[in-house]
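What follows is the content of target21.txt (compact mmCIF, C-alpha atoms).
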# COMPACT_ATOMS: atom_id res chain seq x y z
CA MET K 299 114.59 23.27 45.78
CA SER K 300 111.21 24.85 46.34
CA THR K 301 112.80 28.33 46.14
CA LEU K 302 114.45 27.42 42.87
CA ARG K 303 111.15 26.13 41.48
CA THR K 304 109.35 29.31 42.48
CA ARG K 305 112.01 31.65 41.15
CA LEU K 306 112.53 30.18 37.70
CA SER K 307 110.42 31.81 35.00
CA THR K 308 108.37 29.97 32.38
CA ASP K 309 111.16 30.80 29.89
CA ALA K 310 113.77 29.16 32.10
CA TRP K 311 111.64 26.04 32.59
CA ALA K 312 111.06 25.81 28.84
CA ILE K 313 114.81 26.15 28.18
CA LEU K 314 115.59 23.46 30.80
CA LEU K 315 113.07 21.01 29.34
CA ALA K 316 114.27 21.63 25.77
CA ALA K 317 117.91 21.22 26.88
CA ALA K 318 117.10 17.95 28.67
CA LEU K 319 115.29 16.60 25.59
CA GLY K 320 118.11 17.79 23.33
CA LEU K 321 120.71 15.99 25.46
CA LEU K 322 118.66 12.78 25.58
CA ILE K 323 118.40 12.81 21.79
CA ARG K 324 122.03 13.86 21.26
CA PHE K 325 123.34 10.96 23.33
CA GLY K 326 120.98 8.40 21.84
CA LEU K 327 118.84 7.83 24.93
CA LEU K 328 115.78 9.01 23.02
CA ARG K 329 115.80 7.93 19.40
CA THR K 330 112.59 7.99 17.42
CA ILE K 331 109.79 10.42 18.11
CA ALA K 332 106.80 9.71 15.89
CA TRP K 333 104.33 12.35 14.79
CA MET Y 32 107.06 17.91 51.06
CA ALA Y 33 107.61 18.24 47.36
CA ALA Y 34 103.93 17.83 46.66
CA SER Y 35 103.00 20.91 48.66
CA THR Y 36 105.72 23.28 47.42
CA HIS Y 37 104.80 26.12 45.09
CA LEU Y 38 105.42 25.75 41.43
CA PRO Y 39 106.45 28.66 39.22
CA ASP Y 40 103.61 30.61 37.72
CA LEU Y 41 103.33 28.79 34.41
CA ARG Y 42 99.95 30.40 34.06
CA SER Y 43 101.01 33.84 32.99
CA GLU Y 44 98.27 34.29 30.44
CA TYR Y 45 95.42 32.14 31.75
CA PRO Y 46 92.85 33.22 32.47
CA PRO Y 47 93.50 36.62 30.86
CA HIS Y 48 94.45 38.80 33.76
CA ALA Y 49 96.35 41.92 34.63
CA PRO Y 50 99.48 41.80 36.81
CA GLY Y 51 98.53 41.35 40.42
CA LYS Y 52 95.35 39.62 39.40
CA SER Y 53 96.98 36.28 38.66
CA PRO Y 54 95.20 33.24 40.06
CA ALA Y 55 95.83 33.16 43.78
CA GLU Y 56 95.76 29.40 44.23
CA SER Y 57 99.13 27.70 43.91
CA SER Y 58 99.58 24.42 42.12
CA THR Y 59 101.60 21.34 42.83
CA LEU Y 60 103.29 19.18 40.25
CA ILE Y 61 100.58 16.56 40.70
CA GLY Y 62 97.96 19.32 40.50
CA LEU Y 63 99.16 20.17 36.98
CA LEU Y 64 98.76 16.63 35.64
CA PRO Y 65 94.94 16.52 35.08
CA GLY Y 66 95.04 19.72 33.01
CA ILE Y 67 98.06 18.61 31.00
CA ALA Y 68 96.27 15.31 30.34
CA LEU Y 69 93.22 17.29 29.16
CA LEU Y 70 95.43 19.34 26.80
CA PHE Y 71 96.78 16.10 25.39
CA VAL Y 72 93.35 14.49 24.97
CA VAL Y 73 91.86 17.57 23.24
CA GLY Y 74 94.92 18.04 21.01
CA TYR Y 75 95.10 14.35 20.12
CA ALA Y 76 91.38 14.27 19.37
CA GLY Y 77 92.06 17.01 16.79
CA LYS Y 78 94.88 14.96 15.27
CA PHE Y 79 92.65 11.89 15.20
CA VAL Y 80 89.82 13.73 13.42
CA GLU Y 81 92.22 15.14 10.80
CA HIS Y 82 93.59 11.65 10.10
CA PHE Y 83 90.15 10.03 10.15
CA LEU Y 84 88.64 12.60 7.74
CA ASN Y 85 91.57 12.27 5.34
CA THR Y 86 91.39 8.48 5.29
CA TRP Y 87 87.59 8.31 5.10
CA THR Y 88 87.20 10.88 2.30
CA LYS Y 89 89.99 9.22 0.28
CA ALA Y 90 88.44 5.77 0.74
CA HIS Y 91 85.09 7.10 -0.48
CA HIS Y 92 86.66 9.14 -3.30
CA ILE Y 93 85.28 12.38 -1.88
CA THR Y 94 87.17 15.60 -2.58
CA PHE Y 95 87.57 17.32 0.74
CA PRO Y 96 90.14 19.94 1.76
CA ASN Y 97 92.67 18.87 4.36
CA ILE Y 98 91.71 20.60 7.60
CA GLU Y 99 94.73 20.75 9.89
CA TYR Y 100 94.31 19.18 13.33
CA VAL Y 101 94.97 22.64 14.78
CA LEU Y 102 91.47 23.82 13.87
CA TRP Y 103 89.81 20.75 15.40
CA ALA Y 104 91.86 21.02 18.59
CA ILE Y 105 90.97 24.72 18.98
CA LEU Y 106 87.29 24.10 18.18
CA PHE Y 107 87.03 21.18 20.63
CA GLY Y 108 88.68 23.37 23.27
CA ILE Y 109 86.29 26.27 22.62
CA VAL Y 110 83.26 23.96 22.76
CA ILE Y 111 84.38 22.40 26.07
CA ALA Y 112 85.27 25.76 27.67
CA ASN Y 113 81.99 27.39 26.63
CA THR Y 114 79.54 24.57 27.31
CA ILE Y 115 80.48 22.32 30.23
CA GLY Y 116 83.36 24.60 31.20
CA VAL Y 117 86.86 23.70 32.39
CA ALA Y 118 86.55 22.17 35.87
CA ARG Y 119 88.73 23.65 38.61
CA ILE Y 120 90.90 20.51 38.80
CA PHE Y 121 92.04 20.98 35.18
CA ARG Y 122 92.72 24.73 35.26
CA PRO Y 123 96.32 24.82 36.59
CA GLY Y 124 97.44 22.24 34.03
CA VAL Y 125 95.55 23.86 31.15
CA ALA Y 126 97.28 27.13 31.98
CA THR Y 127 100.69 25.56 31.26
CA TYR Y 128 99.97 25.94 27.55
CA ASP Y 129 102.22 29.02 27.53
CA PHE Y 130 105.07 26.86 28.83
CA TRP Y 131 104.48 24.29 26.05
CA LEU Y 132 104.39 27.11 23.51
CA LYS Y 133 107.84 28.33 24.56
CA THR Y 134 109.23 24.77 24.68
CA GLY Y 135 107.80 24.16 21.19
CA ILE Y 136 109.40 27.34 19.84
CA ILE Y 137 112.83 26.45 21.29
CA LEU Y 138 112.67 22.94 19.79
CA LEU Y 139 111.46 24.40 16.48
CA GLY Y 140 115.01 25.76 16.14
CA ALA Y 141 115.86 22.23 14.91
CA ARG Y 142 113.87 22.93 11.74
CA PHE Y 143 115.82 26.08 10.87
CA ILE Y 144 119.35 26.50 9.58
CA LEU Y 145 120.88 29.62 11.13
CA GLY Y 146 121.33 31.15 7.64
CA ASP Y 147 117.56 30.94 7.08
CA VAL Y 148 116.92 32.46 10.48
CA LEU Y 149 119.23 35.38 9.64
CA LYS Y 150 117.80 35.88 6.13
CA LEU Y 151 114.11 35.54 6.97
CA GLY Y 152 114.64 37.07 10.40
CA GLY Y 153 116.38 40.06 8.75
CA ILE Y 154 113.53 40.58 6.26
CA SER Y 155 111.00 40.05 9.05
CA LEU Y 156 112.77 42.60 11.25
CA ILE Y 157 112.61 45.25 8.52
CA LEU Y 158 108.91 44.50 7.98
CA VAL Y 159 108.37 44.52 11.76
CA PHE Y 160 109.89 48.00 12.02
CA ILE Y 161 107.68 49.41 9.26
CA ALA Y 162 104.53 47.70 10.57
CA PHE Y 163 105.46 48.73 14.07
CA ALA Y 164 105.86 52.43 13.22
CA PHE Y 165 102.53 52.34 11.41
CA SER Y 166 100.60 50.53 14.14
CA LEU Y 167 101.89 52.74 16.96
CA THR Y 168 101.00 55.92 15.07
CA PHE Y 169 97.64 54.64 13.86
CA MET Y 170 96.54 53.14 17.18
CA THR Y 171 97.54 56.29 19.06
CA TRP Y 172 95.49 58.39 16.63
CA LEU Y 173 92.51 56.01 16.94
CA GLY Y 174 92.71 56.06 20.74
CA ARG Y 175 92.64 59.87 20.77
CA THR Y 176 89.78 59.99 18.26
CA PHE Y 177 87.70 57.59 20.38
CA LYS Y 178 88.69 59.48 23.56
CA LEU Y 179 90.33 56.51 25.33
CA SER Y 180 92.70 57.26 28.21
CA PRO Y 181 96.37 57.72 27.18
CA GLN Y 182 97.29 54.62 29.23
CA LEU Y 183 94.71 52.38 27.56
CA THR Y 184 95.66 53.76 24.14
CA THR Y 185 99.33 53.01 24.82
CA LEU Y 186 98.56 49.48 26.00
CA LEU Y 187 96.41 48.76 22.93
CA ALA Y 188 99.10 50.21 20.65
CA VAL Y 189 101.85 48.13 22.25
CA GLY Y 190 99.69 45.00 22.35
CA SER Y 191 98.81 45.23 18.69
CA SER Y 192 102.26 46.18 17.45
CA VAL Y 193 104.65 44.08 19.52
CA CYS Y 194 103.48 40.91 21.10
CA GLY Y 195 100.07 40.93 22.62
CA VAL Y 196 99.57 40.04 26.23
CA SER Y 197 103.25 39.87 27.29
CA ALA Y 198 103.89 43.34 25.87
CA ILE Y 199 100.83 44.78 27.62
CA ILE Y 200 101.90 43.28 30.95
CA ALA Y 201 105.47 44.54 30.50
CA THR Y 202 104.32 48.05 29.59
CA GLN Y 203 101.69 48.33 32.31
CA GLY Y 204 104.36 48.62 35.01
CA ALA Y 205 106.41 51.11 33.01
CA ILE Y 206 103.58 53.59 32.38
CA ASP Y 207 101.67 53.08 35.64
CA ALA Y 208 98.46 52.06 33.92
CA ASP Y 209 95.82 50.63 36.22
CA GLU Y 210 94.75 47.00 36.18
CA GLU Y 211 91.41 47.76 34.58
CA ASP Y 212 93.15 49.29 31.55
CA SER Y 213 95.39 46.23 31.30
CA SER Y 214 92.49 43.81 31.57
CA THR Y 215 90.54 45.70 28.90
CA ALA Y 216 93.53 45.82 26.53
CA ILE Y 217 94.29 42.12 27.12
CA ALA Y 218 90.65 41.12 26.53
CA ALA Y 219 90.55 43.15 23.28
CA ILE Y 220 93.81 41.65 22.01
CA LEU Y 221 92.73 38.09 22.88
CA ALA Y 222 89.29 38.56 21.28
CA LEU Y 223 90.86 39.83 18.07
CA GLY Y 224 93.44 37.04 18.17
CA ALA Y 225 90.62 34.48 18.33
CA LEU Y 226 88.94 36.08 15.32
CA SER Y 227 92.19 36.03 13.34
CA LEU Y 228 92.33 32.23 13.66
CA PHE Y 229 89.37 32.02 11.31
CA THR Y 230 89.93 35.03 9.05
CA PHE Y 231 93.67 34.79 8.29
CA PRO Y 232 93.75 31.26 6.76
CA ALA Y 233 90.67 32.14 4.67
CA ILE Y 234 92.35 35.28 3.27
CA GLY Y 235 95.61 33.35 2.70
CA HIS Y 236 93.81 30.69 0.66
CA LEU Y 237 91.83 33.32 -1.22
CA LEU Y 238 95.05 35.06 -2.28
CA GLN Y 239 96.79 31.70 -2.85
CA MET Y 240 99.74 32.81 -0.75
CA SER Y 241 102.87 30.65 -0.44
CA ASP Y 242 103.60 29.00 2.92
CA HIS Y 243 106.54 31.39 3.45
CA ALA Y 244 104.62 34.57 2.67
CA TYR Y 245 101.51 33.55 4.61
CA GLY Y 246 103.54 32.41 7.62
CA ILE Y 247 105.44 35.69 7.80
CA TRP Y 248 102.20 37.66 7.43
CA ALA Y 249 100.54 35.73 10.28
CA GLY Y 250 103.65 36.21 12.42
CA LEU Y 251 103.66 39.95 11.75
CA ALA Y 252 99.95 40.67 12.08
CA VAL Y 253 98.51 38.31 14.71
CA ASP Y 254 99.27 39.67 18.16
CA ASN Y 255 99.55 36.94 20.73
CA THR Y 256 102.30 34.36 20.18
CA ALA Y 257 100.03 31.34 20.71
CA GLU Y 258 97.42 32.67 18.27
CA ALA Y 259 100.08 33.67 15.71
CA THR Y 260 101.55 30.15 15.86
CA ALA Y 261 98.07 28.62 15.53
CA ALA Y 262 97.06 30.96 12.66
CA GLY Y 263 100.21 29.88 10.81
CA ALA Y 264 99.77 26.16 11.54
CA LEU Y 265 96.12 26.33 10.45
CA TYR Y 266 97.39 27.13 6.94
CA SER Y 267 100.11 24.47 6.83
CA ASP Y 268 102.90 22.97 8.91
CA ALA Y 269 105.52 25.00 7.00
CA ALA Y 270 103.52 28.23 7.35
CA GLY Y 271 103.37 27.63 11.12
CA LYS Y 272 107.16 27.42 11.19
CA TYR Y 273 107.58 30.79 9.44
CA ALA Y 274 104.85 32.43 11.53
CA VAL Y 275 106.83 31.50 14.66
CA LEU Y 276 110.03 32.97 13.20
CA ALA Y 277 108.41 36.30 12.29
CA LYS Y 278 106.59 36.45 15.64
CA THR Y 279 109.81 35.71 17.52
CA CYS Y 280 111.44 38.70 15.79
CA ARG Y 281 108.57 40.87 17.05
CA ASN Y 282 108.86 39.42 20.54
CA ALA Y 283 112.57 40.19 20.65
CA LEU Y 284 111.76 43.91 20.30
CA ILE Y 285 109.57 44.02 23.39
CA GLY Y 286 112.31 45.40 25.67
CA PHE Y 287 113.11 48.31 23.36
CA VAL Y 288 109.48 49.33 23.01
CA VAL Y 289 108.78 49.20 26.74
CA LEU Y 290 112.00 51.10 27.41
CA ALA Y 291 111.04 53.84 24.93
CA TYR Y 292 107.60 54.21 26.54
CA ALA Y 293 109.04 54.17 30.06
CA ILE Y 294 111.49 56.97 29.14
CA GLN Y 295 108.74 59.00 27.48
CA TRP Y 296 106.39 58.68 30.47
CA ALA Y 297 109.18 59.40 32.96
CA ARG Y 298 110.12 62.57 31.02
CA LYS Y 299 106.54 63.75 31.20
CA GLY Y 300 106.67 63.09 34.94
CA LEU Y 301 103.79 60.62 34.67
CA ALA Y 302 105.65 57.50 35.78
CA SER Y 303 105.90 56.42 39.41
CA ARG Y 304 109.20 56.75 41.30
CA ALA Y 305 109.68 52.96 41.22
CA ALA Y 306 109.18 52.86 37.43
CA THR Y 307 111.57 55.80 36.94
CA ARG Y 308 114.22 54.18 39.16
CA GLN Y 309 114.19 51.10 36.92
CA LEU Y 310 115.51 53.28 34.10
CA ASP Y 311 118.83 53.93 35.88
CA ASN Y 312 120.26 50.76 34.36
CA LYS Y 313 118.90 50.53 30.82
CA ALA Y 314 120.87 47.38 29.90
CA ALA Y 315 119.40 45.54 32.91
CA PHE Y 316 115.94 46.84 31.96
CA LEU Y 317 116.32 45.51 28.40
CA TRP Y 318 117.60 42.12 29.62
CA GLN Y 319 114.74 41.84 32.10
CA LYS Y 320 112.15 42.34 29.37
CA PHE Y 321 113.92 40.22 26.73
CA PRO Y 322 112.11 36.89 26.02
CA LYS Y 323 114.88 34.46 27.03
CA PHE Y 324 113.38 31.47 25.22
CA VAL Y 325 114.49 33.13 21.96
CA LEU Y 326 118.08 32.32 23.02
CA GLY Y 327 117.15 28.64 23.37
CA PHE Y 328 115.68 28.72 19.83
CA LEU Y 329 118.92 30.22 18.47
CA VAL Y 330 121.13 27.64 20.25
CA ILE Y 331 119.13 24.70 18.84
CA SER Y 332 119.20 26.31 15.40
CA LEU Y 333 123.00 26.74 15.72
CA LEU Y 334 123.39 23.04 16.61
CA ALA Y 335 121.22 22.12 13.61
CA THR Y 336 123.47 24.25 11.39
CA LEU Y 337 126.68 22.70 12.77
CA GLY Y 338 125.29 19.21 12.17
CA ALA Y 339 124.71 20.04 8.49
CA SER Y 340 128.32 21.20 8.02
CA SER Y 341 130.43 19.50 5.33
CA ASN Y 342 133.38 19.50 7.75
CA PRO Y 343 133.06 16.18 9.69
CA THR Y 344 134.70 17.61 12.84
CA VAL Y 345 132.28 20.53 12.95
CA ALA Y 346 129.34 18.25 12.10
CA THR Y 347 129.98 16.04 15.16
CA LEU Y 348 129.27 19.09 17.36
CA GLY Y 349 125.72 19.39 16.05
CA PHE Y 350 122.65 17.22 15.61
CA THR Y 351 122.35 14.53 12.91
CA LYS Y 352 119.37 14.45 10.54
CA PRO Y 353 117.42 11.75 12.47
CA GLN Y 354 118.06 13.68 15.69
CA LEU Y 355 116.73 16.89 14.09
CA LEU Y 356 113.65 14.99 12.93
CA ALA Y 357 113.05 13.77 16.49
CA LEU Y 358 113.46 17.32 17.88
CA GLY Y 359 111.14 18.73 15.21
CA ASN Y 360 108.48 16.16 16.12
CA LEU Y 361 108.85 16.94 19.83
CA SER Y 362 108.21 20.58 18.91
CA ARG Y 363 105.01 19.51 17.10
CA TRP Y 364 103.82 17.65 20.22
CA ALA Y 365 104.49 20.70 22.37
CA PHE Y 366 102.46 22.85 19.94
CA LEU Y 367 99.63 20.28 20.02
CA LEU Y 368 99.27 20.94 23.76
CA THR Y 369 99.46 24.70 23.12
CA PHE Y 370 96.68 24.73 20.53
CA ALA Y 371 94.38 22.72 22.81
CA GLY Y 372 95.10 25.35 25.50
CA VAL Y 373 94.25 28.22 23.12
CA GLY Y 374 90.77 26.73 22.61
CA LEU Y 375 90.22 25.85 26.26
CA ARG Y 376 91.18 29.40 27.27
CA THR Y 377 88.83 31.15 24.86
CA ASN Y 378 85.81 32.36 26.76
CA LEU Y 379 83.28 33.60 24.23
CA LYS Y 380 81.23 35.43 26.87
CA ASP Y 381 84.24 37.48 27.97
CA LEU Y 382 84.92 38.47 24.39
CA PHE Y 383 81.64 40.36 24.23
CA LYS Y 384 81.60 41.64 27.80
CA GLN Y 385 84.23 44.34 27.38
CA GLY Y 386 83.52 47.96 26.52
CA THR Y 387 82.60 48.76 22.93
CA ARG Y 388 85.07 51.59 22.39
CA PRO Y 389 88.31 49.76 23.32
CA PHE Y 390 87.19 46.79 21.26
CA LEU Y 391 86.34 49.03 18.31
CA VAL Y 392 89.69 50.83 18.50
CA GLY Y 393 91.45 47.45 18.73
CA ALA Y 394 89.43 45.99 15.85
CA LEU Y 395 89.90 49.00 13.53
CA GLY Y 396 93.61 49.06 14.37
CA GLU Y 397 94.00 45.32 13.76
CA VAL Y 398 92.24 45.43 10.40
CA ALA Y 399 94.50 48.29 9.27
CA ILE Y 400 97.62 46.52 10.59
CA ALA Y 401 96.62 43.26 8.88
CA ALA Y 402 96.10 45.12 5.58
CA VAL Y 403 99.40 47.04 5.81
CA THR Y 404 101.43 43.96 6.79
CA LEU Y 405 99.77 41.96 4.00
CA LEU Y 406 100.81 44.63 1.52
CA LEU Y 407 104.36 44.67 2.95
CA VAL Y 408 104.67 40.87 2.79
CA LEU Y 409 103.31 40.69 -0.76
CA THR Y 410 105.76 43.42 -1.84
CA ALA Y 411 108.69 41.71 -0.08
CA ASN Y 412 107.64 38.39 -1.63
CA HIS Y 413 107.71 40.02 -5.06
CA PHE Y 414 111.29 41.24 -4.63
CA TYR Y 415 112.88 38.62 -2.35
CA ARG Y 416 110.82 35.48 -3.09
CA LEU Y 417 110.06 34.79 0.57

Starting from the file, lay out its structure as structure tokens.
Amino acid sequence: MSTLRTRLSTDAWAILLAAALGLLIRFGLLRTIAW
Amino acid sequence: MAASTHLPDLRSEYPPHAPGKSPAESSTLIGLLPGIALLFVVGYAGKFVEHFLNTWTKAHHITFPNIEYVLWAILFGIVIANTIGVARIFRPGVATYDFWLKTGIILLGARFILGDVLKLGGISLILVFIAFAFSLTFMTWLGRTFKLSPQLTTLLAVGSSVCGVSAIIATQGAIDADEEDSSTAIAAILALGALSLFTFPAIGHLLQMSDHAYGIWAGLAVDNTAEATAAGALYSDAAGKYAVLAKTCRNALIGFVVLAYAIQWARKGLASRAATRQLDNKAAFLWQKFPKFVLGFLVISLLATLGASSNPTVATLGFTKPQLLALGNLSRWAFLLTFAGVGLRTNLKDLFKQGTRPFLVGALGEVAIAAVTLLLVLTANHFYRL
């Protein structure tokens, strides 16, 4: 786990976070985000 | 166990440093939290002031221009960083602003239909090529005139024509420039980026540019991605969106530019053996330098496009309108953290500490590039209604 964390680049972490947020929204687990 | 493991270096551009000079201390997940909280507080304070000023001036019937929260967030950040300073406990978290920038750009894909990306991206790419050819030639000539070393000239040329700090770091290895040259070029590019935050919106308003045209200009002319995004968002939310698109097109070219320089330096026999060996597999070289977050942006944009399809089967594959709105707002929150980081990273003392000649070459080059790209964008706007 620690190796994986060290090896992933900022780009990869950003893609992972965006994908996780996208999935949460796509499947209705995260609905309204105010701005 | 988890608390003591090393996290990835999310701090690639903070503080401005050359490769090998990155902060030595490692950070834990918990160690990032104070800085991220500071980014949020500074960014949200900017948003609060924008809202407060708008409400207050309206209530008192005072005509006052809407100042985007971006400016307040950056100003608050600059004031904190240059008065009380950013305490050590906050630094690792503050440095994650680059990570939030990339996350924000990927999520911004939700606000673009792929057709728009291709159309505006296509026009941007053509403008990028013209601006790029000009800036490389002009910066190289300036560097020679001011008797800078070929390495420093190359780094300044790449930094001002492609994508700021990332391009300088990528090129440094390929041309065997030393760390001092990289640090000087990075400092010059960051100093000029900070100045553009105040000059670009003023020029845009003076010329009464449309959000599209201004955004593309900021994306083409401002060097560092964070500053280009901020310069766009300072004008308007829509302009920020187009600045990111144009800047992303520039970023996508980074691999080709570095490859061209690496080949040129290897041919002259000036590159190290390690740098020359990297050229054996050019496809791998290009992939290594390619900014991967651009792919995330395209995927989200594709899903936004599918969701808008008139074919119900195809539409179910993509995002619905409320989902796109939620993704777009998440992107805005990620940018809020980024803009706070831009301010907190700006060290005014460092801006004036560097040598006069590199700064002068950078400044003259940037002014010329800004003028040429402005002319290009205004011409393109005339013909294509950007």

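Residue nearest chain K, chosen from Y:Gly108, Y:Pro181, Y:Gly135, Y:Pro389 and counting all atoms listed in the file: Y:Gly135.
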
What's around Arg142 (chain Y) at 8 Å? Count all atoms listed in the file, leave out sequence neighbours fewer than 3 positions away in its own chain, and write the answer as a short mmCIF file (atom, residue, chain, number, x, y, z; two decimals) with C-alpha atoms, in the frame of the given file.
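File around-v2.cif, as written:
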data_model
loop_
_atom_site.label_atom_id
_atom_site.label_comp_id
_atom_site.auth_asym_id
_atom_site.auth_seq_id
_atom_site.Cartn_x
_atom_site.Cartn_y
_atom_site.Cartn_z
CA LEU Y 139 111.46 24.40 16.48
CA SER Y 332 119.20 26.31 15.40
CA ALA Y 335 121.22 22.12 13.61
CA LEU Y 355 116.73 16.89 14.09
CA GLY Y 359 111.14 18.73 15.21
#

Test item: chain K residues at most 8 Å from chain Y, counting only C-alpha atoms, as a PyMOL selection string: chain K and resi 300+303-313+315-316+319-320+323-324+329-333

Contacts of region 155-163 of chain Y within 8 Å, all atoms listed in the file, excl. fewer than 5 positions in-chain, as a PyMOL selection string: chain Y and resi 192-193+247+251+277+280-281+400+403-404+407-408

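The spacing separating CA of Ala188 (chain Y) from CA of Gly372 (chain Y) amounts to 25.6 Å.
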
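Nearest to Ala411 (chain Y) of all the residues Y:Ala126, Y:Leu368, Y:Met170, Y:Leu151 is Y:Leu151, based on all atoms listed in the file.
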
Counting all atoms listed in the file, the option among Y:Leu223, Y:Leu186, Y:Val373, Y:Val345 closest to Phe390 (chain Y): Y:Leu223

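Computed from the coordinates, the CA of Leu106 (chain Y) to CA of Gly263 (chain Y) distance equals 16.0 Å.
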
Counting all atoms listed in the file, the residue of Y:Ala164, Y:Leu70, Y:Val80, Y:Val253 that sits nearest Leu405 (chain Y):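 For Leu405 (chain Y), the nearest of the candidates is Y:Val253.
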
Neighbour list for region 97-99 of chain Y as a ChimeraX atom specification, cut-off 9 Å, all atoms listed in the file, skip fewer than 4 positions in-chain: /Y:77-78,81,84-85,103,264-268

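Summary of the local environment: counting all atoms listed in the file, residues at most 12 Å from Ala291 (chain Y), other than itself and those fewer than 4 positions away along its chain, are Thr185, Val189, Thr202, Ala205, Ile206, Leu284, Ile285, Gly286, Phe287, Gln295, Trp296, Ala297, Arg298, Leu310, Lys313, Phe316 and Leu317 of chain Y.
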
Atomic distance CA of Ala216 (chain Y) - CA of Gly393 (chain Y), expressed in Å with one decimal: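 Going from CA of Ala216 (chain Y) over to CA of Gly393 (chain Y), I get 8.2 Å.
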
Near-region 116-121 of chain Y list (9 Å; all atoms listed in the file; drop same-chain fewer than 6 positions) as an NGL selection string: :Y and (62-69 or 110 or 375-376)
